[in-house]
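upload22.cif follows; it contains mmCIF, C-alpha atoms.
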```cif
data_query
#
loop_
_atom_site.label_atom_id
_atom_site.label_comp_id
_atom_site.auth_asym_id
_atom_site.auth_seq_id
_atom_site.Cartn_x
_atom_site.Cartn_y
_atom_site.Cartn_z
CA MET P 1 0.00 0.00 0.00
CA VAL P 2 2.72 2.50 1.04
CA ASP P 3 4.82 1.48 -1.99
CA LYS P 4 1.88 2.24 -4.31
CA ILE P 5 1.34 5.65 -2.68
CA PHE P 6 5.05 6.48 -3.12
CA LEU P 7 4.98 5.30 -6.74
CA GLY P 8 1.90 7.47 -7.37
CA LEU P 9 3.56 10.47 -5.72
CA VAL P 10 6.70 10.05 -7.85
CA LEU P 11 4.75 9.60 -11.13
CA LEU P 12 2.63 12.65 -10.28
CA GLY P 13 5.19 14.75 -8.40
CA VAL P 14 8.10 14.74 -10.88
CA PRO P 15 5.99 15.96 -13.88
CA LEU P 16 4.18 18.50 -11.65
CA SER P 17 7.57 19.78 -10.44
CA VAL P 18 8.65 20.40 -14.03
CA ILE P 19 5.30 21.88 -15.21
CA GLY P 20 4.82 24.03 -12.09
CA SER P 21 8.36 25.40 -12.38
CA LEU P 22 7.91 26.31 -16.07
CA MET P 23 4.47 27.86 -15.49
CA HIS P 24 5.55 29.72 -12.30
CA TRP P 25 2.88 28.33 -9.98
CA PRO P 26 2.70 29.89 -6.45
CA SER P 27 5.79 29.18 -4.33
CA VAL P 28 3.87 27.72 -1.38
CA ILE P 29 2.09 25.14 -3.61
CA MET P 30 5.36 24.24 -5.35
CA PHE P 31 7.16 23.98 -1.98
CA ILE P 32 4.64 21.30 -0.88
CA VAL P 33 4.89 19.48 -4.26
CA TYR P 34 8.71 19.47 -4.12
CA CYS P 35 8.81 18.22 -0.51
CA LEU P 36 6.32 15.38 -1.14
CA THR P 37 8.14 14.34 -4.33
CA ILE P 38 11.50 14.18 -2.54
CA ILE P 39 10.02 12.14 0.33
CA ALA P 40 8.38 9.71 -2.15
CA LEU P 41 11.66 9.31 -4.04
CA ALA P 42 13.29 8.66 -0.65
CA GLY P 43 10.99 5.65 -0.25
CA PHE P 44 12.48 4.09 -3.40
CA MET P 45 15.99 4.96 -2.20
CA GLY P 46 15.18 3.19 1.09
CA ARG P 47 13.99 0.02 -0.65
CA ALA P 48 17.03 0.00 -2.94
CA THR P 49 19.35 0.45 0.04
CA GLU P 50 17.65 -2.38 1.91
CA SER P 51 18.29 -4.69 -1.05
CA LEU P 52 21.93 -3.59 -1.19
CA ALA P 53 22.33 -4.06 2.58
CA ILE P 54 21.20 -7.71 2.24
CA VAL P 55 23.55 -8.34 -0.69
CA MET P 56 26.59 -6.38 0.55
CA GLY P 57 26.30 -6.46 4.37
CA PRO P 58 25.08 -3.87 6.89
CA ARG P 59 28.17 -1.65 6.96
CA ILE P 60 28.40 -1.10 3.19
CA GLY P 61 24.60 -0.81 2.98
CA GLY P 62 24.54 1.87 5.67
CA LEU P 63 27.45 3.74 4.08
CA LEU P 64 25.78 3.68 0.64
CA ASN P 65 22.54 4.96 2.10
CA ALA P 66 24.26 7.78 3.98
CA THR P 67 26.17 8.74 0.82
CA PHE P 68 23.11 8.84 -1.44
CA GLY P 69 21.06 10.62 1.22
CA ASN P 70 23.76 13.23 1.77
CA ALA P 71 24.29 13.71 -1.97
CA VAL P 72 20.80 15.25 -1.97
CA GLU P 73 21.64 17.62 0.86
CA LEU P 74 24.98 18.51 -0.75
CA ILE P 75 23.14 19.53 -3.93
CA ILE P 76 20.51 21.58 -2.02
CA SER P 77 23.36 23.29 -0.12
CA ILE P 78 25.40 24.05 -3.27
CA PHE P 79 22.39 25.79 -4.86
CA SER P 80 21.78 27.65 -1.57
CA LEU P 81 25.43 28.81 -1.52
CA LYS P 82 25.08 29.95 -5.13
CA ALA P 83 22.06 32.02 -4.04
CA GLY P 84 24.15 33.47 -1.16
CA LEU P 85 22.10 31.74 1.56
CA VAL P 86 25.06 30.90 3.83
CA GLY P 87 22.85 31.00 6.96
CA VAL P 88 20.48 28.41 5.48
CA VAL P 89 23.40 26.10 4.59
CA LEU P 90 24.97 26.26 8.09
CA ALA P 91 21.53 25.79 9.64
CA SER P 92 20.80 22.78 7.38
CA LEU P 93 24.11 21.18 8.44
CA THR P 94 23.08 21.71 12.07
CA GLY P 95 19.67 20.26 11.24
CA SER P 96 21.27 17.20 9.65
CA VAL P 97 23.34 16.47 12.75
CA LEU P 98 20.33 16.96 15.05
CA GLY P 99 17.97 15.15 12.65
CA ASN P 100 20.18 12.09 12.31
CA LEU P 101 21.26 11.77 15.96
CA LEU P 102 17.92 12.63 17.56
CA LEU P 103 15.05 12.28 15.04
CA VAL P 104 16.25 9.38 12.86
CA ALA P 105 17.90 7.42 15.69
CA GLY P 106 15.02 8.29 18.04
CA LEU P 107 12.34 7.12 15.60
CA SER P 108 14.34 3.98 14.78
CA PHE P 109 14.86 3.06 18.44
CA PHE P 110 11.24 3.87 19.32
CA ILE P 111 9.54 2.04 16.43
CA GLY P 112 11.93 -0.93 16.65
CA GLY P 113 11.46 -0.98 20.44
CA THR P 114 7.68 -1.28 20.15
CA ARG P 115 8.23 -4.65 18.41
CA TYR P 116 11.25 -5.93 20.37
CA LYS P 117 11.97 -5.44 24.10
CA ARG P 118 15.72 -5.09 23.52
CA GLN P 119 17.52 -4.43 20.25
CA LYS P 120 21.25 -5.00 19.99
CA PHE P 121 23.85 -3.58 17.61
CA ASN P 122 27.63 -3.75 17.25
CA VAL P 123 29.07 -2.25 20.46
CA PHE P 124 32.55 -1.87 18.88
CA ASP P 125 31.08 0.27 16.10
CA ALA P 126 29.17 2.34 18.68
CA ARG P 127 32.37 3.08 20.67
CA HIS P 128 34.40 3.81 17.52
CA ASN P 129 31.69 6.20 16.30
CA ALA P 130 31.51 7.90 19.73
CA GLY P 131 35.12 9.05 19.46
CA LEU P 132 34.61 10.30 15.91
CA LEU P 133 31.42 12.17 16.88
CA ILE P 134 33.25 13.99 19.68
CA PHE P 135 36.04 14.92 17.27
CA ALA P 136 33.85 15.88 14.29
CA VAL P 137 31.25 17.96 16.11
CA ILE P 138 32.87 19.13 19.34
CA VAL P 139 36.52 19.60 18.32
CA ALA P 140 36.11 20.64 14.67
CA PHE P 141 32.99 22.84 15.12
CA VAL P 142 33.68 24.42 18.53
CA ILE P 143 37.35 25.30 17.84
CA PRO P 144 36.54 27.72 14.95
CA GLU P 145 33.87 29.43 17.10
CA VAL P 146 36.34 29.98 19.97
CA PHE P 147 39.42 30.92 17.91
CA THR P 148 37.64 33.28 15.48
CA GLN P 149 36.24 35.61 18.18
CA ASN P 150 38.96 38.22 17.45
CA MET P 151 39.99 37.14 13.95
CA SER P 152 39.58 39.03 10.69
CA GLU P 153 37.30 37.64 7.97
CA SER P 154 40.21 36.37 5.86
CA SER P 155 41.86 34.65 8.86
CA THR P 156 38.52 33.02 9.75
CA MET P 157 38.24 31.61 6.21
CA SER P 158 41.87 30.40 6.32
CA LEU P 159 41.20 28.55 9.60
CA SER P 160 37.95 27.10 8.16
CA VAL P 161 39.72 25.86 5.02
CA GLY P 162 42.53 24.29 7.08
CA ILE P 163 40.07 22.49 9.38
CA SER P 164 38.00 21.39 6.37
CA ILE P 165 40.97 19.72 4.68
CA ILE P 166 41.92 17.93 7.93
CA LEU P 167 38.31 16.74 8.40
CA ILE P 168 38.09 15.33 4.85
CA LEU P 169 41.45 13.52 5.22
CA LEU P 170 40.43 12.03 8.59
CA TYR P 171 37.04 10.95 7.18
CA LEU P 172 38.76 9.09 4.32
CA ALA P 173 41.16 7.53 6.86
CA ALA P 174 38.16 6.47 9.01
CA LEU P 175 36.58 4.72 6.00
CA PHE P 176 39.88 2.99 5.22
CA PHE P 177 40.18 1.90 8.87
CA LYS P 178 36.62 0.56 9.02
CA LEU P 179 36.36 -1.09 5.62
CA VAL P 180 39.95 -2.25 4.99
CA THR P 181 42.54 -2.45 7.79
CA HIS P 182 40.20 -3.31 10.70
CA ARG P 183 37.40 -5.02 8.85
CA GLY P 184 38.16 -8.36 10.51
CA VAL P 185 37.77 -6.91 14.02
CA TYR P 186 34.02 -6.53 13.48
CA GLN P 187 33.51 -9.48 11.13
CA HIS P 188 32.65 -12.20 13.66
CA ALA P 189 29.70 -10.31 15.15
CA GLU P 190 28.44 -9.48 11.67
CA LYS P 191 28.68 -13.06 10.46
CA ARG P 192 26.92 -14.38 13.53
CA GLU P 193 24.10 -11.84 13.16
CA ALA P 194 23.79 -12.57 9.45
CA HIS P 195 23.55 -16.28 10.22
CA GLU P 196 20.97 -15.83 12.97
CA GLU P 197 18.71 -13.19 11.48
CA HIS P 198 19.21 -12.83 7.77
CA GLU P 199 19.84 -16.40 6.65
CA GLU P 200 16.57 -16.80 4.75
CA GLU P 201 16.38 -13.19 3.56
CA ILE P 202 16.14 -12.48 -0.18
CA PRO P 203 16.66 -8.94 -1.49
CA GLU P 204 13.65 -7.30 -3.17
CA TRP P 205 15.77 -6.13 -6.12
CA SER P 206 19.00 -7.41 -7.66
CA LYS P 207 22.25 -5.51 -6.98
CA LYS P 208 22.24 -3.94 -10.46
CA LYS P 209 18.57 -2.89 -10.29
CA ALA P 210 18.96 -1.47 -6.76
CA ILE P 211 22.00 0.63 -7.77
CA THR P 212 20.19 1.87 -10.91
CA ILE P 213 17.10 2.90 -8.92
CA LEU P 214 19.29 4.62 -6.30
CA ALA P 215 21.13 6.59 -9.00
CA VAL P 216 17.98 7.60 -10.93
CA ALA P 217 16.12 8.57 -7.74
CA THR P 218 19.10 10.68 -6.60
CA LEU P 219 19.20 12.53 -9.94
CA ALA P 220 15.45 13.20 -9.73
CA VAL P 221 15.80 14.42 -6.14
CA ALA P 222 18.68 16.68 -7.21
CA TYR P 223 16.51 18.34 -9.87
CA VAL P 224 13.58 18.86 -7.49
CA SER P 225 15.92 20.09 -4.71
CA GLU P 226 17.34 22.80 -6.97
CA LYS P 227 13.81 24.11 -7.55
CA LEU P 228 13.00 23.82 -3.83
CA VAL P 229 15.76 26.30 -2.88
CA HIS P 230 14.07 29.09 -4.88
CA THR P 231 10.86 28.80 -2.82
CA PHE P 232 12.52 29.35 0.59
CA SER P 233 12.29 33.14 0.90
CA GLU P 234 8.62 33.39 -0.15
CA VAL P 235 7.56 30.39 1.99
CA GLY P 236 9.46 31.86 4.96
CA GLU P 237 7.61 35.17 4.60
CA THR P 238 4.24 33.42 4.21
CA PHE P 239 4.55 31.21 7.32
CA GLY P 240 6.75 33.53 9.40
CA TRP P 241 9.67 31.07 9.38
CA THR P 242 13.20 32.40 9.90
CA GLU P 243 16.16 31.40 7.73
CA LEU P 244 17.48 29.45 10.74
CA PHE P 245 14.24 27.45 11.19
CA ILE P 246 13.99 26.67 7.45
CA GLY P 247 17.57 25.36 7.48
CA VAL P 248 17.54 23.45 10.77
CA ILE P 249 14.12 21.79 10.45
CA ILE P 250 12.66 21.97 6.91
CA VAL P 251 15.75 21.58 4.68
CA ALA P 252 17.32 19.01 7.01
CA ILE P 253 14.21 16.79 7.16
CA VAL P 254 13.48 16.96 3.41
CA GLY P 255 17.17 16.70 2.45
CA ASN P 256 17.67 13.63 4.63
CA ALA P 257 14.33 11.93 3.93
CA ALA P 258 16.13 8.96 2.35
CA GLU P 259 18.01 8.10 5.55
CA HIS P 260 14.93 8.77 7.69
CA ALA P 261 12.84 6.25 5.76
CA SER P 262 15.58 3.61 5.50
CA ALA P 263 16.71 3.70 9.14
CA VAL P 264 13.16 3.31 10.47
CA ILE P 265 12.44 0.41 8.07
CA MET P 266 15.67 -1.32 9.16
CA ALA P 267 14.90 -0.87 12.88
CA TYR P 268 11.36 -2.18 12.38
CA LYS P 269 12.90 -5.34 10.90
CA ASN P 270 15.38 -5.55 13.83
CA LYS P 271 18.41 -4.76 11.62
CA MET P 272 19.87 -2.37 14.17
CA ASP P 273 23.44 -2.44 12.81
CA VAL P 274 22.20 -0.86 9.58
CA ALA P 275 19.83 1.57 11.35
CA VAL P 276 22.62 2.83 13.66
CA GLU P 277 25.12 2.97 10.77
CA ILE P 278 22.64 5.13 8.82
CA ALA P 279 21.93 7.53 11.71
CA VAL P 280 25.47 7.90 13.10
CA GLY P 281 27.32 7.24 9.82
CA SER P 282 25.30 9.94 8.11
CA THR P 283 26.04 12.41 10.93
CA LEU P 284 29.76 11.73 10.61
CA GLN P 285 29.57 12.10 6.85
CA VAL P 286 27.79 15.47 7.19
CA ALA P 287 30.25 16.78 9.80
CA MET P 288 33.48 15.36 8.34
CA PHE P 289 32.79 15.43 4.60
CA VAL P 290 29.71 17.43 3.50
CA ALA P 291 30.38 20.51 5.71
CA PRO P 292 34.11 20.79 4.81
CA VAL P 293 33.40 20.21 1.09
CA LEU P 294 30.82 23.03 1.18
CA VAL P 295 33.39 25.35 2.81
CA LEU P 296 35.80 24.61 -0.07
CA ILE P 297 33.06 24.92 -2.75
CA SER P 298 31.99 28.29 -1.29
CA LEU P 299 35.40 29.69 -2.28
CA MET P 300 34.16 29.59 -5.89
CA TYR P 301 31.22 31.90 -5.10
CA PRO P 302 31.17 35.60 -4.12
CA THR P 303 29.86 34.75 -0.61
CA HIS P 304 32.30 32.48 1.26
CA MET P 305 31.08 30.16 4.03
CA PRO P 306 33.27 29.91 7.16
CA LEU P 307 32.87 26.85 9.40
CA VAL P 308 31.46 29.04 12.19
CA PHE P 309 28.05 28.19 13.64
CA THR P 310 25.84 30.29 15.92
CA LEU P 311 25.83 29.56 19.66
CA PRO P 312 22.35 27.89 19.67
CA GLU P 313 23.43 25.66 16.76
CA LEU P 314 26.67 24.65 18.49
CA ILE P 315 25.13 23.93 21.89
CA SER P 316 22.32 21.90 20.28
CA MET P 317 24.80 19.76 18.30
CA VAL P 318 27.11 19.19 21.27
CA THR P 319 24.12 18.18 23.46
CA ALA P 320 22.84 15.79 20.76
CA VAL P 321 26.27 14.14 20.48
CA PHE P 322 26.60 13.53 24.23
CA LEU P 323 23.03 12.23 24.52
CA MET P 324 23.49 9.83 21.60
CA ILE P 325 26.81 8.54 23.01
CA MET P 326 25.30 7.93 26.45
CA ILE P 327 22.36 6.02 24.96
CA SER P 328 24.21 3.96 22.33
CA ASN P 329 27.50 3.14 24.08
CA ASP P 330 26.19 -0.12 25.60
CA GLY P 331 25.31 -1.60 22.18
CA GLU P 332 21.61 -2.06 22.88
CA THR P 333 18.48 0.06 22.95
CA ASN P 334 14.72 0.13 23.65
CA TRP P 335 11.64 2.26 22.88
CA PHE P 336 12.10 4.56 25.90
CA GLU P 337 15.62 5.56 24.80
CA GLY P 338 14.17 6.34 21.38
CA LEU P 339 11.50 8.51 22.99
CA THR P 340 14.19 10.37 24.97
CA LEU P 341 16.04 11.25 21.74
CA LEU P 342 12.78 12.39 20.10
CA ALA P 343 11.91 14.56 23.13
CA ALA P 344 15.32 16.28 22.86
CA TYR P 345 14.72 16.91 19.14
CA PHE P 346 11.31 18.50 19.74
CA ILE P 347 12.66 20.71 22.55
CA MET P 348 15.35 22.03 20.18
CA GLY P 349 12.82 22.36 17.34
CA ILE P 350 10.59 24.61 19.50
CA GLY P 351 13.65 26.67 20.42
CA PHE P 352 14.71 27.20 16.78
CA TYR P 353 11.13 28.05 15.78
CA LEU P 354 10.89 30.77 18.42
CA LEU P 355 14.34 32.27 17.77
#
```
Please go through the file and, once you have read it, give me the structure as structure tokens.
Amino acid sequence: MVDKIFLGLVLLGVPLSVIGSLMHWPSVIMFIVYCLTIIALAGFMGRATESLAIVMGPRIGGLLNATFGNAVELIISIFSLKAGLVGVVLASLTGSVLGNLLLVAGLSFFIGGTRYKRQKFNVFDARHNAGLLIFAVIVAFVIPEVFTQNMSESSTMSLSVGISIILILLYLAALFFKLVTHRGVYQHAEKREAHEEHEEEIPEWSKKKAITILAVATLAVAYVSEKLVHTFSEVGETFGWTELFIGVIIVAIVGNAAEHASAVIMAYKNKMDVAVEIAVGSTLQVAMFVAPVLVLISLMYPTHMPLVFTLPELISMVTAVFLMIMISNDGETNWFEGLTLLAAYFIMGIGFYLL
């Protein structure tokens, strides 16, 4: 039933996005059409990722999902930078971190927990990710805020570029560590889980079909996302939303709809390794790859983007990181822990709305 609704939304939404854009329909109507189309396309991306996760294993599946999901946000952010909306881009990066750590993980833990009393995932991965989260969000995002208090604009950009290059190099090293040099450290737990839970499982689509659908859906989302950016200012004025709220809540939720859908589906099926890899892996990819790449890309545009967040954005991200580490460090979860993460997300959402 849900699959048919998503298929209908895609078949209707993509042509409407093109026609509405060419005929200059009202921004508010087009904003709703674009958002629904992206979310429907995310459903197909989720199903394709699930097939790939069965074929290629939870870690690669989670990484692929995070990459395709973040490709969408990267494209939305590049068009926003081109339009000079630096505040929206920084806010959407904040929203991605909060959305993945609190909303996606919270929904996954809560919905999975309503079916299973206790859900377990790889505790070694959780501890490895905890260290990276502290580095990526607390060290790399707080340091520029502290050091740039009395810096000139050019020095601030120089510091941001230096940190961005270090972040990208460390992210690539983290992937190499996880997927190549230390792959065997985590293999036994993965094999045992695969044997116990996924022995009889058959992917919905073949590897080739799943990759094709992922690629086509991402291209379609990219087109719709580019149009979405141009509706922000008018929609903001209509509903009384600030640039910060649009970035933190709206852009982040729509831009990361692929991960949201996939992680919840995985948790519902008790595939917590993939669900956690999507939520935390995507956060790390945003903080250590997407954000620094956007800083470097902004150098090509008249308005440069330093890696300096506002105080509410920073405090929210740091709080989300510590809460997620405390909840996930034991390698198991339940519905109440999911509800705690969701409660934190809604508290921050109210705060950003009222700012």
Checklist line | Residues selected by the PyMOL selection byres ((chain P and resi 334) around 6), written as JSON, numbers by chain | finding: {"P": [109, 113, 118, 333, 335, 336, 337]}
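As for atom CA of Ala263 of chain P and atom CA of Val286 of chain P, they are spaced 16.3 Å apart.
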Next item on the list: Go through the shown structure with the PyMOL selection byres ((chain P and resi 325) around 9) and write out the matching residues as a ChimeraX atom specification.
Entry: /P:126-127,129-130,133,320-324,326-329
Can I get the residues of segment 199-294 of chain P within 9 Å of segment 338-350 of chain P, each with the closest pair of atoms and their distance in Å to one decimal, using only C-alpha atoms, sorted chain first then ascending number, as a Markdown table?
```
| residue | atom | partner | partner_atom | distance |
| --- | --- | --- | --- | --- |
| P:Phe245 | CA | P:Gly349 | CA | 8.1 |
| P:Val248 | CA | P:Gly349 | CA | 8.2 |
| P:Ile249 | CA | P:Gly349 | CA | 7.0 |
```
Can you tell me which residues surround Ser164 of chain P at a distance of at most 8 Å, considering all atoms listed in the file, apart from same-chain residues fewer than 4 positions away, and format the answer as a short mmCIF file (atom, residue, chain, number, x, y, z; two decimals) with C-alpha atoms, keeping the file's coordinate frame?
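Result file part_28.cif:
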```
data_model
loop_
_atom_site.label_atom_id
_atom_site.label_comp_id
_atom_site.auth_asym_id
_atom_site.auth_seq_id
_atom_site.Cartn_x
_atom_site.Cartn_y
_atom_site.Cartn_z
CA SER P 160 37.95 27.10 8.16
CA ILE P 168 38.09 15.33 4.85
CA MET P 288 33.48 15.36 8.34
CA ALA P 291 30.38 20.51 5.71
CA PRO P 292 34.11 20.79 4.81
CA VAL P 293 33.40 20.21 1.09
CA VAL P 295 33.39 25.35 2.81
CA LEU P 296 35.80 24.61 -0.07
#
```
Margin query: Translate the PyMOL selection byres ((chain P and resi 261) around 12) into a concrete residue list for this structure, as an MDAnalysis selection string.
Written below: chainID P and resid 2 6 38:50 65:66 69 100 103:105 107:108 111 253:260 262:268 275 278:279
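Residues lying within 10 Å of Ile60 of chain P, counting all atoms listed in the file and ignoring same-chain neighbours fewer than 6 positions away, are Thr49, Leu52, Ala53, Ile54, Ala66, Leu179, Val274 and Glu277 of chain P.
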Note to self: Counting only C-alpha atoms, I want the residues whose atoms come within 10 Å of (13.3, 21.9, -7.8) in the file frame, returned as a PyMOL selection string.
What the structure shows: chain P and resi 14+17-18+20-21+30-31+33-35+37-38+76+220-231
Item checked: Which of P:Glu145, P:Glu73, P:Glu204, P:Glu234 sits closest to Pro26 of chain P [using all atoms listed in the file] -> P:Glu234
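Distances to Gly131 of chain P were evaluated for P:Thr303, P:Gln119, P:Phe289, P:Val280 using all atoms listed in the file, and the minimum falls at P:Val280.
Atom CA of Met151 of chain P to atom CA of Pro302 of chain P spans 20.2 Å [interatomic distance, one decimal].
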How big is the axis-aligned box around the listed atoms of segment 289-304 of chain P once 4 Å is added on each side, and where is its centre? Give both in Å to one decimal, as AutoDock Vina command-line options.
```
--center_x 32.8 --center_y 25.5 --center_z -0.1 --size_x 14.1 --size_y 28.2 --size_z 19.6
```
Item checked: Selection: 9 Å around Met305 of chain P, all atoms listed in the file, excl. self and same-chain fewer than 3 positions, as a list in words -> Leu81, Val86, Gly87, Val89, Leu90, Met157, Ser160, Leu294, Val295, Leu296, Ile297, Ser298, Leu299 and Val308 of chain P
Next item on the list: Return the single residue from P:Leu307, P:Ile165, P:Met272, P:Leu354 that is closest to Ile143 of chain P, with distances computed using all atoms listed in the file.
Entry: P:Leu307
Next item on the list: Rank nothing, just name the residue among P:Pro306, P:Phe121, P:Ser92, P:Ser27 nearest to Glu153 of chain P, using only C-alpha atoms.
Entry: P:Pro306
Item checked: Minimum-distance residue to Ser233 of chain P, chosen among P:Leu214, P:Ala83, P:Val180, P:Ile202 (using all atoms listed in the file) -> P:Ala83
